[in-house]
>>> print(open('protein.txt').read())   # compact mmCIF, C-alpha atoms (C1' of nucleotides)
# COMPACT_ATOMS: atom_id res chain seq x y z
CA MET V 246 -15.70 -27.23 -9.57
CA ARG V 247 -17.21 -24.59 -11.76
CA ARG V 248 -20.26 -22.81 -10.38
CA THR V 249 -22.27 -19.72 -11.02
CA SER V 250 -21.33 -16.75 -8.91
CA GLU V 251 -24.74 -16.80 -7.25
CA GLU V 252 -24.19 -20.34 -6.06
CA THR V 253 -20.84 -19.67 -4.43
CA LYS V 254 -22.15 -16.45 -3.03
CA SER V 255 -24.87 -18.27 -1.15
CA ILE V 256 -22.47 -21.00 -0.02
CA ILE V 257 -20.26 -18.32 1.47
CA LEU V 258 -23.23 -16.63 3.06
CA ALA V 259 -24.36 -19.84 4.74
CA ALA V 260 -20.89 -20.50 6.12
CA ALA V 261 -20.64 -16.90 7.28
CA ARG V 262 -23.92 -17.07 9.16
CA GLU V 263 -22.83 -20.20 10.94
CA ARG V 264 -19.48 -18.77 11.93
CA PHE V 265 -20.87 -15.42 13.02
CA ALA V 266 -23.52 -17.20 15.08
CA ALA V 267 -21.01 -19.49 16.72
CA ASP V 268 -18.05 -17.18 17.22
CA GLY V 269 -19.21 -13.56 17.08
CA TYR V 270 -17.88 -10.88 14.80
CA GLU V 271 -14.20 -10.69 15.72
CA ARG V 272 -13.50 -14.37 16.15
CA ALA V 273 -15.25 -15.31 12.93
CA THR V 274 -12.39 -14.71 10.50
CA ILE V 275 -12.71 -14.48 6.76
CA ARG V 276 -10.25 -17.31 6.52
CA SER V 277 -12.27 -19.63 8.73
CA ILE V 278 -15.46 -18.82 6.85
CA ALA V 279 -13.72 -19.48 3.57
CA ALA V 280 -12.35 -22.76 4.91
CA ASP V 281 -15.85 -23.88 5.92
CA ALA V 282 -17.11 -23.00 2.47
CA LYS V 283 -14.10 -24.79 0.98
CA ILE V 284 -13.15 -21.75 -0.99
CA ASP V 285 -10.34 -19.24 -1.17
CA PRO V 286 -10.52 -16.25 1.19
CA ALA V 287 -10.02 -14.00 -1.81
CA MET V 288 -13.38 -15.15 -3.16
CA VAL V 289 -15.11 -13.77 -0.12
CA MET V 290 -13.59 -10.40 -0.81
CA ARG V 291 -14.46 -10.56 -4.47
CA TYR V 292 -18.10 -11.26 -3.80
CA PHE V 293 -18.73 -9.19 -0.72
CA GLY V 294 -16.10 -6.48 -0.78
CA SER V 295 -15.14 -6.53 2.89
CA LYS V 296 -15.77 -8.36 6.12
CA GLU V 297 -18.10 -5.61 7.25
CA LYS V 298 -20.22 -5.96 4.11
CA LEU V 299 -20.24 -9.73 4.34
CA PHE V 300 -21.55 -9.35 7.84
CA ALA V 301 -24.21 -6.92 6.73
CA ALA V 302 -25.39 -9.46 4.18
CA ALA V 303 -25.35 -12.28 6.73
CA ALA V 304 -27.32 -10.28 9.28
CA GLU V 305 -30.25 -9.58 7.02
CA PHE V 306 -33.31 -10.50 9.00
CA ASP V 307 -37.07 -10.37 9.13
CA LEU V 308 -39.02 -11.25 12.25
CA ARG V 309 -41.96 -12.36 10.11
CA PHE V 310 -44.73 -11.09 12.31
CA ASP V 311 -47.21 -11.52 9.51
CA ALA V 312 -47.68 -15.02 10.94
CA LEU V 313 -49.40 -13.42 13.94
CA ALA V 314 -52.36 -12.10 12.02
CA ASP V 315 -55.53 -13.25 13.77
CA VAL V 316 -54.70 -14.21 17.31
CA PRO V 317 -57.31 -13.38 19.97
CA ARG V 318 -56.16 -10.51 22.12
CA GLU V 319 -55.95 -12.53 25.33
CA GLN V 320 -53.67 -15.13 23.74
CA LEU V 321 -51.20 -12.69 22.27
CA GLY V 322 -48.61 -13.26 25.00
CA ALA V 323 -48.36 -17.00 24.44
CA ALA V 324 -48.42 -16.55 20.68
CA PHE V 325 -45.56 -14.06 20.77
CA VAL V 326 -43.45 -16.30 22.98
CA ARG V 327 -43.98 -19.27 20.71
CA HIS V 328 -43.23 -17.21 17.66
CA PHE V 329 -39.99 -15.88 19.09
CA LEU V 330 -38.80 -19.27 20.24
CA ARG V 331 -39.31 -20.63 16.77
CA GLN V 332 -37.46 -17.71 15.26
CA TRP V 333 -34.56 -18.47 17.56
CA GLU V 334 -34.48 -22.04 16.45
CA ALA V 335 -35.37 -21.65 12.79
CA GLY V 336 -32.17 -20.10 11.49
CA GLU V 337 -29.01 -18.71 12.96
CA SER V 338 -30.02 -15.14 12.16
CA LEU V 339 -31.14 -14.10 15.61
CA GLN V 340 -28.11 -15.71 17.17
CA VAL V 341 -25.88 -13.96 14.68
CA LEU V 342 -27.41 -10.66 15.67
CA LEU V 343 -27.13 -11.23 19.38
CA ARG V 344 -23.60 -12.63 19.33
CA THR V 345 -22.33 -9.82 17.17
CA GLY V 346 -24.57 -7.00 18.35
CA ILE V 347 -22.67 -6.98 21.57
CA THR V 348 -19.35 -5.95 20.10
CA ASN V 349 -20.23 -4.66 16.66
CA ASP V 350 -21.93 -1.29 16.47
CA GLY V 351 -23.43 -2.00 13.08
CA ALA V 352 -25.14 -5.09 14.42
CA ALA V 353 -26.44 -3.20 17.44
CA GLU V 354 -27.92 -0.61 15.13
CA ARG V 355 -29.51 -3.32 13.02
CA MET V 356 -30.97 -4.80 16.18
CA ARG V 357 -32.53 -1.51 17.16
CA GLU V 358 -34.01 -1.14 13.71
CA ILE V 359 -35.53 -4.58 13.83
CA PHE V 360 -37.09 -4.34 17.22
CA ALA V 361 -38.21 -0.75 16.96
CA GLY V 362 -39.05 -0.95 13.27
CA GLN V 363 -40.74 -4.32 13.03
CA LEU V 364 -42.00 -5.15 16.50
CA ALA V 365 -43.30 -1.78 17.63
CA PRO V 366 -45.55 -1.20 14.59
CA LYS V 367 -46.95 -4.70 14.93
CA ILE V 368 -47.80 -4.06 18.55
CA ALA V 369 -49.32 -0.72 17.72
CA GLN V 370 -51.51 -2.44 15.17
CA LEU V 371 -52.50 -5.34 17.40
CA THR V 372 -53.29 -3.27 20.46
CA GLY V 373 -54.52 -0.13 18.75
CA ASP V 374 -52.40 2.01 21.04
CA PRO V 375 -49.55 3.63 19.08
CA ALA V 376 -48.46 5.83 21.96
CA SER V 377 -47.32 3.07 24.27
CA ALA V 378 -46.18 0.70 21.54
CA PRO V 379 -42.46 1.60 21.57
CA VAL V 380 -42.15 0.98 25.29
CA ARG V 381 -44.15 -2.25 25.11
CA ALA V 382 -42.02 -3.40 22.19
CA ALA V 383 -38.87 -2.66 24.15
CA MET V 384 -40.09 -4.60 27.18
CA VAL V 385 -41.08 -7.61 25.09
CA SER V 386 -37.74 -7.43 23.27
CA ALA V 387 -35.81 -7.32 26.53
CA GLN V 388 -37.65 -10.35 27.88
CA MET V 389 -37.29 -12.39 24.71
CA LEU V 390 -33.66 -11.43 24.15
CA GLY V 391 -32.96 -12.33 27.75
CA ILE V 392 -34.40 -15.78 27.26
CA GLY V 393 -32.52 -16.26 24.02
CA LEU V 394 -29.34 -15.21 25.75
CA ALA V 395 -29.89 -17.59 28.65
CA ARG V 396 -30.97 -20.51 26.51
CA TYR V 397 -28.85 -20.33 23.36
CA ILE V 398 -25.77 -18.30 24.22
CA LEU V 399 -25.01 -18.63 27.91
CA GLN V 400 -26.83 -21.96 28.13
CA PHE V 401 -28.13 -21.75 31.66
CA PRO V 402 -28.98 -25.40 32.42
CA PRO V 403 -32.53 -24.88 33.72
CA VAL V 404 -33.46 -22.78 30.69
CA VAL V 405 -31.90 -25.25 28.28
CA ALA V 406 -33.80 -28.08 29.93
CA MET V 407 -37.22 -26.45 29.58
CA SER V 408 -39.53 -27.44 26.77
CA GLU V 409 -41.18 -24.92 24.49
CA GLU V 410 -44.39 -25.39 26.43
CA ASP V 411 -42.67 -24.81 29.77
CA LEU V 412 -41.29 -21.58 28.44
CA VAL V 413 -44.66 -20.48 27.11
CA THR V 414 -46.17 -21.14 30.52
CA TRP V 415 -43.55 -19.07 32.29
CA LEU V 416 -43.19 -16.28 29.77
CA GLY V 417 -46.64 -16.05 28.23
CA PRO V 418 -48.28 -14.11 31.05
CA THR V 419 -45.29 -11.77 31.27
CA VAL V 420 -45.42 -10.88 27.61
CA GLN V 421 -49.20 -10.64 27.75
CA ARG V 422 -48.85 -8.09 30.47
CA TYR V 423 -46.19 -6.12 28.60
CA LEU V 424 -48.44 -6.08 25.55
CA THR V 425 -51.78 -5.20 26.95
CA GLU V 426 -51.78 -4.12 30.57
CA GLN V 427 -51.38 -0.61 31.78
CA PRO V 428 -48.68 -0.15 34.38
CA ALA V 429 -49.00 2.69 36.86
CA MET E 1300 6.84 7.29 38.48
CA ARG E 1301 7.87 4.68 40.99
CA ARG E 1302 5.09 2.69 42.61
CA THR E 1303 4.49 -0.45 44.57
CA SER E 1304 3.49 -3.44 42.50
CA GLU E 1305 0.07 -3.53 44.18
CA GLU E 1306 -0.64 0.00 43.08
CA THR E 1307 0.16 -0.59 39.43
CA LYS E 1308 -1.67 -3.87 39.55
CA SER E 1309 -4.88 -2.18 40.56
CA ILE E 1310 -4.39 0.61 38.04
CA ILE E 1311 -4.12 -2.00 35.34
CA LEU E 1312 -7.14 -3.84 36.67
CA ALA E 1313 -9.26 -0.70 36.58
CA ALA E 1314 -8.25 0.06 33.02
CA ALA E 1315 -8.87 -3.55 32.03
CA ARG E 1316 -12.38 -3.53 33.48
CA GLU E 1317 -13.25 -0.39 31.55
CA ARG E 1318 -11.93 -1.73 28.28
CA PHE E 1319 -13.49 -5.15 28.65
CA ALA E 1320 -16.82 -3.52 29.50
CA ALA E 1321 -16.67 -1.18 26.55
CA ASP E 1322 -15.15 -3.39 23.88
CA GLY E 1323 -15.60 -7.04 24.83
CA TYR E 1324 -12.88 -9.61 25.14
CA GLU E 1325 -11.37 -9.68 21.66
CA ARG E 1326 -11.42 -5.98 20.90
CA ALA E 1327 -9.98 -5.04 24.25
CA THR E 1328 -6.30 -5.44 23.50
CA ILE E 1329 -3.52 -5.61 26.04
CA ARG E 1330 -1.94 -2.68 24.30
CA SER E 1331 -5.02 -0.49 24.60
CA ILE E 1332 -5.45 -1.40 28.24
CA ALA E 1333 -1.81 -0.59 28.90
CA ALA E 1334 -2.16 2.70 27.06
CA ASP E 1335 -5.15 3.66 29.21
CA ALA E 1336 -3.18 2.79 32.33
CA LYS E 1337 -0.20 4.72 30.91
CA ILE E 1338 2.20 1.85 31.37
CA ASP E 1339 4.07 -0.60 29.20
CA PRO E 1340 2.19 -3.61 27.79
CA ALA E 1341 4.93 -5.82 29.19
CA MET E 1342 3.89 -4.79 32.71
CA VAL E 1343 0.48 -6.29 32.16
CA MET E 1344 2.09 -9.57 31.30
CA ARG E 1345 4.46 -9.37 34.24
CA TYR E 1346 1.66 -8.87 36.73
CA PHE E 1347 -1.09 -11.02 35.27
CA GLY E 1348 0.69 -13.62 33.18
CA SER E 1349 -1.63 -13.59 30.19
CA LYS E 1350 -4.65 -11.86 28.75
CA GLU E 1351 -6.87 -14.73 29.85
CA LYS E 1352 -5.69 -14.40 33.44
CA LEU E 1353 -6.04 -10.64 33.38
CA PHE E 1354 -9.59 -11.12 32.26
CA ALA E 1355 -10.27 -13.66 35.00
CA ALA E 1356 -9.06 -11.13 37.54
CA ALA E 1357 -11.15 -8.35 36.00
CA ALA E 1358 -14.32 -10.45 35.95
CA GLU E 1359 -14.33 -11.22 39.64
CA PHE E 1360 -17.81 -10.44 40.82
CA ASP E 1361 -20.24 -10.73 43.69
CA LEU E 1362 -23.95 -9.96 43.29
CA ARG E 1363 -24.12 -8.92 46.96
CA PHE E 1364 -27.53 -10.30 47.74
CA ASP E 1365 -26.87 -9.93 51.44
CA ALA E 1366 -28.39 -6.48 50.99
CA LEU E 1367 -31.77 -8.16 50.45
CA ALA E 1368 -32.06 -9.56 53.93
CA ASP E 1369 -35.39 -8.50 55.37
CA VAL E 1370 -37.72 -7.57 52.55
CA PRO E 1371 -41.38 -8.54 52.96
CA ARG E 1372 -42.27 -11.41 50.67
CA GLU E 1373 -44.70 -9.46 48.55
CA GLN E 1374 -42.14 -6.74 47.78
CA LEU E 1375 -39.39 -9.08 46.71
CA GLY E 1376 -39.96 -8.47 43.00
CA ALA E 1377 -39.50 -4.72 43.19
CA ALA E 1378 -36.56 -5.11 45.55
CA PHE E 1379 -34.78 -7.50 43.21
CA VAL E 1380 -35.28 -5.23 40.22
CA ARG E 1381 -33.94 -2.24 42.09
CA HIS E 1382 -31.00 -4.24 43.34
CA PHE E 1383 -30.07 -5.48 39.89
CA LEU E 1384 -30.36 -2.08 38.30
CA ARG E 1385 -27.99 -0.68 40.88
CA GLN E 1386 -25.56 -3.52 40.31
CA TRP E 1387 -25.62 -2.70 36.63
CA GLU E 1388 -24.81 0.90 37.31
CA ALA E 1389 -22.47 0.53 40.26
CA GLY E 1390 -19.42 -0.90 38.55
CA GLU E 1391 -18.58 -2.19 35.12
CA SER E 1392 -18.46 -5.78 36.35
CA LEU E 1393 -21.83 -6.92 35.07
CA GLN E 1394 -21.24 -5.22 31.77
CA VAL E 1395 -17.84 -6.86 31.52
CA LEU E 1396 -19.45 -10.23 32.07
CA LEU E 1397 -22.22 -9.72 29.58
CA ARG E 1398 -20.05 -8.20 26.85
CA THR E 1399 -17.46 -10.92 27.14
CA GLY E 1400 -19.67 -13.84 28.12
CA ILE E 1401 -21.07 -13.83 24.64
CA THR E 1402 -17.83 -14.68 22.91
CA ASN E 1403 -15.62 -15.97 25.68
CA ASP E 1404 -16.40 -19.39 27.07
CA GLY E 1405 -14.66 -18.70 30.35
CA ALA E 1406 -16.87 -15.70 30.94
CA ALA E 1407 -20.00 -17.67 30.08
CA GLU E 1408 -19.02 -20.27 32.62
CA ARG E 1409 -18.41 -17.57 35.21
CA MET E 1410 -21.85 -16.21 34.45
CA ARG E 1411 -23.49 -19.57 35.02
CA GLU E 1412 -21.67 -19.94 38.31
CA ILE E 1413 -22.81 -16.54 39.48
CA PHE E 1414 -26.44 -16.89 38.61
CA ALA E 1415 -26.82 -20.51 39.59
CA GLY E 1416 -24.42 -20.29 42.54
CA GLN E 1417 -25.40 -16.95 44.06
CA LEU E 1418 -28.93 -16.22 42.92
CA ALA E 1419 -30.53 -19.65 43.20
CA PRO E 1420 -29.51 -20.27 46.83
CA LYS E 1421 -30.75 -16.82 47.78
CA ILE E 1422 -34.10 -17.53 46.20
CA ALA E 1423 -34.28 -20.92 47.87
CA GLN E 1424 -33.68 -19.23 51.18
CA LEU E 1425 -36.13 -16.38 50.62
CA THR E 1426 -38.95 -18.52 49.32
CA GLY E 1427 -38.29 -21.65 51.31
CA ASP E 1428 -38.70 -23.78 48.20
CA PRO E 1429 -35.34 -25.26 47.13
CA ALA E 1430 -36.87 -27.49 44.46
CA SER E 1431 -38.07 -24.73 42.17
CA ALA E 1432 -35.29 -22.28 43.01
CA PRO E 1433 -32.99 -23.06 40.05
CA VAL E 1434 -35.76 -22.49 37.52
CA ARG E 1435 -36.94 -19.34 39.24
CA ALA E 1436 -33.37 -18.06 39.39
CA ALA E 1437 -32.94 -18.74 35.69
CA MET E 1438 -36.13 -16.88 34.80
CA VAL E 1439 -35.19 -13.89 36.92
CA SER E 1440 -31.70 -13.92 35.41
CA ALA E 1441 -33.07 -14.02 31.89
CA GLN E 1442 -35.35 -11.07 32.55
CA MET E 1443 -32.71 -8.98 34.24
CA LEU E 1444 -30.00 -9.81 31.73
CA GLY E 1445 -32.43 -8.94 28.97
CA ILE E 1446 -33.04 -5.54 30.46
CA GLY E 1447 -29.34 -4.95 30.98
CA LEU E 1448 -28.71 -5.90 27.40
CA ALA E 1449 -31.41 -3.60 26.08
CA ARG E 1450 -30.48 -0.67 28.29
CA TYR E 1451 -26.70 -0.73 28.57
CA ILE E 1452 -25.41 -2.68 25.60
CA LEU E 1453 -27.86 -2.38 22.72
CA GLN E 1454 -29.26 0.89 24.08
CA PHE E 1455 -32.83 0.58 22.92
CA PRO E 1456 -34.04 4.19 23.16
CA PRO E 1457 -37.26 3.52 25.14
CA VAL E 1458 -35.37 1.45 27.70
CA VAL E 1459 -32.61 4.01 28.01
CA ALA E 1460 -35.17 6.74 28.52
CA MET E 1461 -36.95 5.03 31.40
CA SER E 1462 -36.18 5.97 34.97
CA GLU E 1463 -35.33 3.43 37.63
CA GLU E 1464 -38.86 3.77 38.97
CA ASP E 1465 -40.41 3.20 35.56
CA LEU E 1466 -38.42 0.03 35.23
CA VAL E 1467 -39.42 -1.15 38.68
CA THR E 1468 -43.04 -0.60 37.78
CA TRP E 1469 -42.76 -2.62 34.61
CA LEU E 1470 -40.46 -5.36 35.82
CA GLY E 1471 -41.37 -5.67 39.49
CA PRO E 1472 -44.54 -7.72 38.99
CA THR E 1473 -42.81 -9.96 36.48
CA VAL E 1474 -39.97 -10.79 38.82
CA GLN E 1475 -42.40 -11.14 41.72
CA ARG E 1476 -44.25 -13.74 39.70
CA TYR E 1477 -41.07 -15.60 38.75
CA LEU E 1478 -40.05 -15.65 42.39
CA THR E 1479 -43.20 -16.66 44.17
CA GLU E 1480 -46.00 -17.78 41.92
CA GLN E 1481 -46.61 -21.31 40.82
CA PRO E 1482 -46.94 -21.73 37.09
CA ALA E 1483 -48.98 -24.63 35.72
C1' DA L 1336 -9.66 -23.04 -33.00
C1' DT L 1337 -9.67 -18.69 -30.80
C1' DC L 1338 -10.98 -15.27 -27.97
C1' DG L 1339 -12.98 -12.84 -24.10
C1' DT L 1340 -15.30 -13.54 -20.00
C1' DT L 1341 -15.71 -15.40 -15.64
C1' DG L 1342 -14.81 -18.35 -11.54
C1' DG L 1343 -10.99 -19.76 -8.84
C1' DC L 1344 -6.41 -19.84 -6.62
C1' DC L 1345 -1.89 -18.28 -4.95
C1' DA L 1346 1.40 -15.39 -2.84
C1' DA L 1347 2.18 -11.44 -0.85
C1' DC L 1348 1.20 -6.87 1.48
C1' DA L 1349 0.83 -4.08 5.68
C1' DC L 1350 -0.68 -4.31 10.06
C1' DT L 1351 -2.03 -5.89 14.66
C1' DT L 1352 -2.06 -9.26 18.14
C1' DG L 1353 -0.12 -11.69 22.56
C1' DT L 1354 4.07 -12.64 24.41
C1' DT L 1355 9.18 -12.75 25.55
C1' DG L 1356 13.82 -11.49 27.01
C1' DA L 1357 17.37 -8.37 27.77
C1' DC L 1358 18.30 -3.93 29.33
C1' DT L 1359 17.93 0.31 32.32
C1' DT L 1360 16.64 2.87 36.38
C1' DC L 1361 15.30 3.55 40.92
C1' DG L 1362 15.34 3.08 46.02
C1' DA L 1363 16.45 0.89 50.25
C1' DC L 1364 19.69 -1.41 53.15
C1' DG L 1365 24.38 -3.05 54.34
C1' DC S 833 29.48 4.54 49.20
C1' DG S 834 28.12 0.06 46.65
C1' DT S 835 24.93 -3.58 45.81
C1' DC S 836 20.87 -6.12 45.10
C1' DG S 837 16.14 -6.66 44.06
C1' DA S 838 12.23 -4.77 42.31
C1' DA S 839 9.79 -1.49 38.89
C1' DG S 840 9.85 0.06 34.41
C1' DT S 841 11.31 0.28 29.34
C1' DC S 842 12.48 -1.24 24.68
C1' DA S 843 12.67 -3.90 20.74
C1' DA S 844 11.66 -7.80 18.73
C1' DC S 845 9.33 -12.37 17.84
C1' DA S 846 5.91 -15.48 15.63
C1' DA S 847 1.42 -15.92 14.40
C1' DG S 848 -2.74 -14.34 12.55
C1' DT S 849 -5.64 -10.56 10.50
C1' DG S 850 -8.15 -8.16 6.35
C1' DT S 851 -7.12 -7.11 1.88
C1' DT S 852 -4.92 -6.86 -2.94
C1' DG S 853 -3.32 -8.01 -7.58
C1' DG S 854 -1.78 -11.16 -10.75
C1' DC S 855 -2.08 -15.54 -12.77
C1' DC S 856 -4.70 -20.05 -14.24
C1' DA S 857 -8.22 -22.66 -16.09
C1' DA S 858 -12.63 -23.53 -17.72
C1' DC S 859 -16.47 -22.29 -20.47
C1' DG S 860 -19.61 -19.96 -24.38
C1' DA S 861 -19.81 -17.44 -28.44
C1' DT S 862 -17.80 -16.37 -32.66
>>> encode(input="protein.txt", output="structure tokens")
Amino acid sequence: MRRTSEETKSIILAAARERFAADGYERATIRSIAADAKIDPAMVMRYFGSKEKLFAAAAEFDLRFDALADVPREQLGAAFVRHFLRQWEAGESLQVLLRTGITNDGAAERMREIFAGQLAPKIAQLTGDPASAPVRAAMVSAQMLGIGLARYILQFPPVVAMSEEDLVTWLGPTVQRYLTEQPA
Amino acid sequence: MRRTSEETKSIILAAARERFAADGYERATIRSIAADAKIDPAMVMRYFGSKEKLFAAAAEFDLRFDALADVPREQLGAAFVRHFLRQWEAGESLQVLLRTGITNDGAAERMREIFAGQLAPKIAQLTGDPASAPVRAAMVSAQMLGIGLARYILQFPPVVAMSEEDLVTWLGPTVQRYLTEQPA
DNA sequence: ATCGTTGGCCAACACTTGTTGACTTCGACG
DNA sequence: CGTCGAAGTCAACAAGTGTTGGCCAACGAT
């Protein structure tokens, strides 16, 4: 049971992400995270300093929009929806952010950074209209967060039952419109 | 400082709603609620039995769709958006539900009841298509919860800055489509 | 073999939480 | 008046929280 500090650090981080995603910030206790990682709670403090800092490390996140490089303009909506759905399912990171962002101010701030700082520039670049990009980014965020909320957190039965393709069919045109059309 | 029990009960309930809306379930402590209501924490227990029961009482909620009686079919989207926005702003109830529904299973269940039990039947009635109503209700819920999240909880600056009319312009067509159009 | 470094564990701290029971005060009714 | 029930207060509880410091035990270098 001797490991390098980097190893245990990443074990703790994995356990933390899971707990934060499942329980939210307050209910995910250092003790429960440590128990999951089969490690003493004091280790968590040693390696991360405080619960707040552990959380900050666990909530690191990149939306990875580089994957959306050369999509034809009229298919952007569907592509965005698919991309987001996969991000939701890939790791717990988005769920961590949503579960905690609701009660933890730090997480809410992080969320704003991500969606304003990563999504808006990407939209500006893809559409060539920097002026309206922040609003478009916010609308797309709201729609995709709403779906994530309904599907992964609140688990509305009809949304849970839908396939990825169903969701793309329903949401694609909406996102397409938020991205490219000009509302009054 | 002598009151009837009904009076104090409703004072407590008001304070509880505010705290739950602002802090979520775990961070809203009985002691802080009691302090806001300027009464002893023991009173809260006397009148509501437990924190869980106090919360159940505070999360009572009715979406009041009866207000949407005679709207022409092609204006339903805009009407729904306006209605939801006003519900968000009218009382803290929706914010209580959203803030707590993310960490508290009871609140999540309540949320499912409300959106499946109140919204879906209304849509079935308005559109005359009971078969697709649950899915349509879920899509509308996801969109409106997403906007509530972005505007009132996470406070995305562009969403906060928009007026009610701006939001209706952006969201109206989306909701209209979720309500009445037939996706592949 | 010894030493210093490093990963790991234990026990305790100060504090906060929900919850309880006994006690005091008030007001109405006989 | 006195009394009885209801409204309000107080202090304490058991459990759980983040956090700390000291102590062990394993390893690598000397």
>>> atom_distance(input="protein.txt", atom1="CA of Arg247 (chain V)", atom2="C1' of DG1342 (chain L)")
6.7 Å
>>> atom_distance(input="protein.txt", atom1="CA of Pro1420 (chain E)", atom2="CA of Leu1384 (chain E)")
20.1 Å
>>> atom_distance(input="protein.txt", atom1="CA of Tyr397 (chain V)", atom2="CA of Gln332 (chain V)")
12.1 Å
>>> residues_near_point(input="protein.txt", point="(-6.5, -20.9, -14.2)", cutoff="9 Å", atoms="only C-alpha atoms (C1' of nucleotides)", output="JSON, numbers by chain")
{"L": [1343, 1344], "S": [855, 856, 857, 858]}
>>> residues_near_point(input="protein.txt", point="(-35.9, -6.6, 27.5)", cutoff="7 Å", atoms="all atoms listed in the file", output="list in words")
Ala383, Met384, Val385, Ser386, Ala387, Gln388, Met389, Leu390 and Gly391 of chain V; Gln1442, Gly1445, Ile1446 and Ala1449 of chain E
>>> residues_around(input="protein.txt", residues="region 833-849 of chain S", least_positions_apart="2", cutoff="10 Å", atoms="only C-alpha atoms (C1' of nucleotides)", output="ChimeraX atom specification")
/V:274-276 /E:1300-1304,1307,1338-1339,1341-1342 /L:1350-1365 /S:851
>>> residues_around(input="protein.txt", residues="Ala1356 (chain E)", least_positions_apart="6", cutoff="12 Å", atoms="all atoms listed in the file", output="list in words")
Lys1308, Ser1309, Ile1311, Leu1312, Ala1313, Ala1315, Arg1316, Phe1319, Val1343, Tyr1346, Phe1347, Gly1348, Ser1349, Lys1350, Ser1392, Val1395, Leu1396, Gly1405, Ala1406 and Arg1409 of chain E
>>> closest_residue(input="protein.txt", among="E:Lys1337, E:Ser1331, E:Leu1453, E:Val1458", to="chain S", atoms="all atoms listed in the file")
E:Lys1337
>>> residues_around(input="protein.txt", residues="DT862 (chain S)", least_positions_apart="4", cutoff="12 Å", atoms="all atoms listed in the file", output="mmCIF file with C-alpha atoms (C1' of nucleotides), in the frame of the given file")
data_model
loop_
_atom_site.group_PDB
_atom_site.id
_atom_site.type_symbol
_atom_site.label_atom_id
_atom_site.label_comp_id
_atom_site.auth_asym_id
_atom_site.auth_seq_id
_atom_site.Cartn_x
_atom_site.Cartn_y
_atom_site.Cartn_z
ATOM 1 C "C1'" DA L 1336 -9.660 -23.040 -33.000
ATOM 2 C "C1'" DT L 1337 -9.670 -18.690 -30.800
ATOM 3 C "C1'" DC L 1338 -10.980 -15.270 -27.970
ATOM 4 C "C1'" DG L 1339 -12.980 -12.840 -24.100
#
>>> closest_residue(input="protein.txt", among="V:Ala365, V:Ala273, V:Ala323, V:Leu371", to="chain S", atoms="all atoms listed in the file")
V:Ala273
>>> closest_residue(input="protein.txt", among="E:Asp1465, E:Glu1480, E:Glu1391, E:Asp1365", to="Lys1421 (chain E)", atoms="only C-alpha atoms")
E:Asp1365
>>> closest_residue(input="protein.txt", among="E:Met1344, E:Val1459, E:Ala1378, E:Leu1397", to="chain L", atoms="all atoms listed in the file")
E:Met1344
>>> closest_residue(input="protein.txt", among="E:Asp1428, E:Asp1369, E:Glu1464, E:Glu1325", to="chain V", atoms="all atoms listed in the file")
E:Glu1325
>>> build_atoms(input="protein.txt", residues="region 1342-1352 of chain E", atoms="N, CA and C atoms", output="mmCIF file, keeping the file's coordinate frame")
data_model
loop_
_atom_site.group_PDB
_atom_site.id
_atom_site.type_symbol
_atom_site.label_atom_id
_atom_site.label_comp_id
_atom_site.auth_asym_id
_atom_site.auth_seq_id
_atom_site.Cartn_x
_atom_site.Cartn_y
_atom_site.Cartn_z
ATOM 1 N N MET E 1342 4.257 -4.783 31.284
ATOM 2 C CA MET E 1342 3.890 -4.790 32.710
ATOM 3 C C MET E 1342 2.644 -5.625 32.942
ATOM 4 N N VAL E 1343 1.705 -5.507 32.026
ATOM 5 C CA VAL E 1343 0.480 -6.290 32.160
ATOM 6 C C VAL E 1343 0.808 -7.770 32.203
ATOM 7 N N MET E 1344 1.701 -8.167 31.321
ATOM 8 C CA MET E 1344 2.090 -9.570 31.300
ATOM 9 C C MET E 1344 2.817 -9.945 32.590
ATOM 10 N N ARG E 1345 3.720 -9.075 33.029
ATOM 11 C CA ARG E 1345 4.460 -9.370 34.240
ATOM 12 C C ARG E 1345 3.526 -9.641 35.419
ATOM 13 N N TYR E 1346 2.513 -8.786 35.549
ATOM 14 C CA TYR E 1346 1.660 -8.870 36.730
ATOM 15 C C TYR E 1346 0.518 -9.867 36.604
ATOM 16 N N PHE E 1347 0.079 -10.135 35.394
ATOM 17 C CA PHE E 1347 -1.090 -11.020 35.270
ATOM 18 C C PHE E 1347 -0.839 -12.277 34.449
ATOM 19 N N GLY E 1348 0.323 -12.358 33.832
ATOM 20 C CA GLY E 1348 0.690 -13.620 33.180
ATOM 21 C C GLY E 1348 0.193 -13.774 31.757
ATOM 22 N N SER E 1349 -1.078 -13.480 31.532
ATOM 23 C CA SER E 1349 -1.630 -13.590 30.190
ATOM 24 C C SER E 1349 -2.926 -12.787 30.112
ATOM 25 N N LYS E 1350 -3.409 -12.600 28.916
ATOM 26 C CA LYS E 1350 -4.650 -11.860 28.750
ATOM 27 C C LYS E 1350 -5.799 -12.598 29.422
ATOM 28 N N GLU E 1351 -5.819 -13.901 29.243
ATOM 29 C CA GLU E 1351 -6.870 -14.730 29.850
ATOM 30 C C GLU E 1351 -6.913 -14.537 31.365
ATOM 31 N N LYS E 1352 -5.735 -14.532 31.984
ATOM 32 C CA LYS E 1352 -5.690 -14.400 33.440
ATOM 33 C C LYS E 1352 -6.063 -12.988 33.881
#
